[in-house]
>>> print(open('upload-v2.csv').read())   # CSV, C-alpha atoms
chain,number,residue,atom,x,y,z
A,1,MET,CA,82.3,84.8,102.9
A,2,TRP,CA,83.3,81.8,100.9
A,3,SER,CA,80.8,78.9,100.7
A,4,THR,CA,81.3,75.3,99.9
A,5,PRO,CA,78.7,72.6,99.5
A,6,THR,CA,78.3,70.4,102.5
A,7,PRO,CA,78.4,66.6,102.2
A,8,GLY,CA,74.9,65.0,102.2
A,9,GLY,CA,73.2,68.4,102.2
A,10,ARG,CA,73.7,69.0,105.9
A,11,GLY,CA,74.3,72.5,107.2
A,12,PRO,CA,72.7,75.8,106.1
A,13,SER,CA,69.5,75.6,104.2
A,14,ASP,CA,71.2,76.6,101.0
A,15,GLY,CA,73.4,73.5,101.2
A,16,ALA,CA,76.6,75.5,101.8
A,17,MET,CA,79.0,75.9,104.7
A,18,ARG,CA,79.9,79.5,105.6
A,19,VAL,CA,83.5,80.2,106.4
A,20,ASP,CA,84.4,83.6,107.8
A,21,LEU,CA,87.1,85.7,106.1
A,22,ASP,CA,89.6,85.6,109.0
A,23,SER,CA,89.5,81.8,108.9
A,24,GLN,CA,90.0,81.7,105.2
A,25,LEU,CA,92.9,84.1,105.4
A,26,ALA,CA,94.5,82.1,108.3
A,27,GLU,CA,94.5,79.0,106.1
A,28,MET,CA,95.9,80.9,103.1
A,29,ILE,CA,98.7,82.4,105.3
A,30,ALA,CA,99.5,78.9,106.5
A,31,LEU,CA,99.6,77.5,102.9
A,32,ARG,CA,101.9,80.4,101.9
A,33,ALA,CA,104.2,79.8,104.9
A,34,GLU,CA,104.4,76.1,103.8
A,35,GLY,CA,105.4,77.1,100.3
A,36,LYS,CA,102.3,75.6,98.8
A,37,ILE,CA,101.1,78.9,97.3
A,38,GLY,CA,103.1,82.0,96.3
A,39,GLY,CA,100.5,84.7,97.1
A,40,ILE,CA,97.1,85.3,98.4
A,41,GLY,CA,94.4,86.7,96.1
A,42,ILE,CA,90.9,87.7,97.1
A,43,SER,CA,87.8,88.1,94.8
A,44,SER,CA,84.4,89.7,94.9
A,45,VAL,CA,85.3,91.8,98.0
A,46,ASN,CA,84.1,95.1,99.2
A,47,VAL,CA,86.2,97.9,100.8
A,48,ALA,CA,85.6,96.6,104.3
A,49,GLN,CA,86.7,93.1,103.4
A,50,PHE,CA,89.7,94.4,101.6
A,51,ARG,CA,90.8,96.4,104.6
A,52,GLN,CA,90.2,93.3,106.8
A,53,ALA,CA,92.4,91.2,104.5
A,54,LEU,CA,95.3,93.7,104.1
A,55,PRO,CA,97.3,92.4,107.1
A,56,ALA,CA,97.5,89.0,105.4
A,57,GLY,CA,99.7,90.4,102.7
A,58,ILE,CA,97.3,90.3,99.7
A,59,ALA,CA,98.9,89.9,96.3
A,60,CYS,CA,95.8,90.7,94.1
A,61,VAL,CA,92.2,91.6,94.1
A,62,GLN,CA,89.8,90.3,91.4
A,63,ASN,CA,86.5,92.0,91.1
A,64,ALA,CA,84.0,92.9,88.4
A,65,TYR,CA,85.1,96.0,86.7
A,66,SER,CA,84.2,97.0,83.1
A,67,LEU,CA,83.4,99.7,80.7
A,68,LEU,CA,79.8,99.6,82.1
A,69,ASP,CA,80.4,99.0,85.8
A,70,ARG,CA,82.8,101.2,87.6
A,71,ALA,CA,81.3,100.8,91.1
A,72,ASP,CA,84.6,99.7,92.6
A,73,GLU,CA,86.6,102.8,91.9
A,74,LEU,CA,87.4,103.3,95.6
A,75,LEU,CA,88.6,99.7,95.9
A,76,LEU,CA,90.8,100.1,92.8
A,77,ASP,CA,92.3,103.3,94.3
A,78,LEU,CA,93.1,101.4,97.5
A,79,CYS,CA,94.8,98.6,95.6
A,80,ARG,CA,96.9,101.2,93.8
A,81,GLU,CA,97.7,102.9,97.1
A,82,HIS,CA,98.9,99.6,98.6
A,83,ASP,CA,100.6,98.4,95.4
A,84,ILE,CA,98.3,95.4,95.1
A,85,ALA,CA,97.4,94.0,91.6
A,86,TRP,CA,93.9,94.6,90.3
A,87,VAL,CA,92.5,91.8,88.1
A,88,PRO,CA,89.1,92.9,86.6
A,89,TYR,CA,86.7,90.3,85.4
A,90,PHE,CA,84.2,91.1,82.6
A,91,PRO,CA,86.3,94.1,81.6
A,92,LEU,CA,84.3,94.5,78.4
A,93,GLY,CA,81.0,94.2,80.2
A,94,SER,CA,80.1,90.7,79.0
A,95,ALA,CA,78.3,89.9,82.2
A,96,PHE,CA,75.4,92.2,81.3
A,97,ALA,CA,72.6,90.5,79.4
A,98,GLY,CA,71.2,92.5,76.6
A,99,GLN,CA,74.2,94.7,76.2
A,100,ARG,CA,76.4,94.7,73.1
A,101,LYS,CA,79.5,92.6,73.4
>>> encode(input="upload-v2.csv", output="structure tokens")
Amino acid sequence: MWSTPTPGGRGPSDGAMRVDLDSQLAEMIALRAEGKIGGIGISSVNVAQFRQALPAGIACVQNAYSLLDRADELLLDLCREHDIAWVPYFPLGSAFAGQRK
């Protein structure tokens, strides 16, 4: 779920408002229909969230994926199967403290 700080610190104890995935996707679909965005991308999702988002017409998925972290192989395969762009972040493993860069 996406979080955003709440004004004046009201809301959840961590100071963030939680917005469920379906609500986020509904807003993104509306923005796309209005011509304000060209495509919908999702980031830091797991396989269940990816499958939940598929009916929205996802253009790309951005998740951590690197020489050191290949945990999302199944998600990468699903993106390939559905012809959805995969955008890795930290592809050379730069997110791992203590590792050679």
>>> closest_residue(input="upload-v2.csv", among="A:Asn46, A:Asn63, A:Asp69, A:Leu54", to="Asp83 (chain A)", atoms="only C-alpha atoms")
A:Leu54
>>> residues_around(input="upload-v2.csv", residues="Leu74 (chain A)", least_positions_apart="5", cutoff="12 Å", atoms="all atoms listed in the file", output="list of chain:residue names")
A:Val45, A:Asn46, A:Val47, A:Ala48, A:Phe50, A:Arg51, A:Tyr65, A:Cys79, A:Arg80, A:Glu81
>>> closest_residue(input="upload-v2.csv", among="A:Leu68, A:Ala56, A:Trp86, A:Leu75", to="Ala33 (chain A)", atoms="all atoms listed in the file")
A:Ala56
>>> atom_distance(input="upload-v2.csv", atom1="CA of Ser66 (chain A)", atom2="CA of Val19 (chain A)")
28.7 Å
>>> closest_residue(input="upload-v2.csv", among="A:Leu25, A:Met17, A:Ala30, A:Gln62", to="Ser43 (chain A)", atoms="only C-alpha atoms")
A:Gln62
>>> atom_distance(input="upload-v2.csv", atom1="CA of Cys60 (chain A)", atom2="CA of Ala16 (chain A)")
25.7 Å
>>> residues_around(input="upload-v2.csv", residues="Ile58 (chain A)", least_positions_apart="3", cutoff="7 Å", atoms="all atoms listed in the file", output="list in words")
Gly39, Ile40, Gly41, Ala53, Leu54 and Ile84 of chain A
>>> atom_distance(input="upload-v2.csv", atom1="CA of Gly35 (chain A)", atom2="CA of Leu78 (chain A)")
27.4 Å
>>> closest_residue(input="upload-v2.csv", among="A:Leu76, A:Pro55, A:Ala64, A:Gln49", to="Ala26 (chain A)", atoms="only C-alpha atoms")
A:Pro55
>>> closest_residue(input="upload-v2.csv", among="A:Gly57, A:Tyr89, A:Gln52, A:Gln24", to="Gly38 (chain A)", atoms="only C-alpha atoms")
A:Gly57
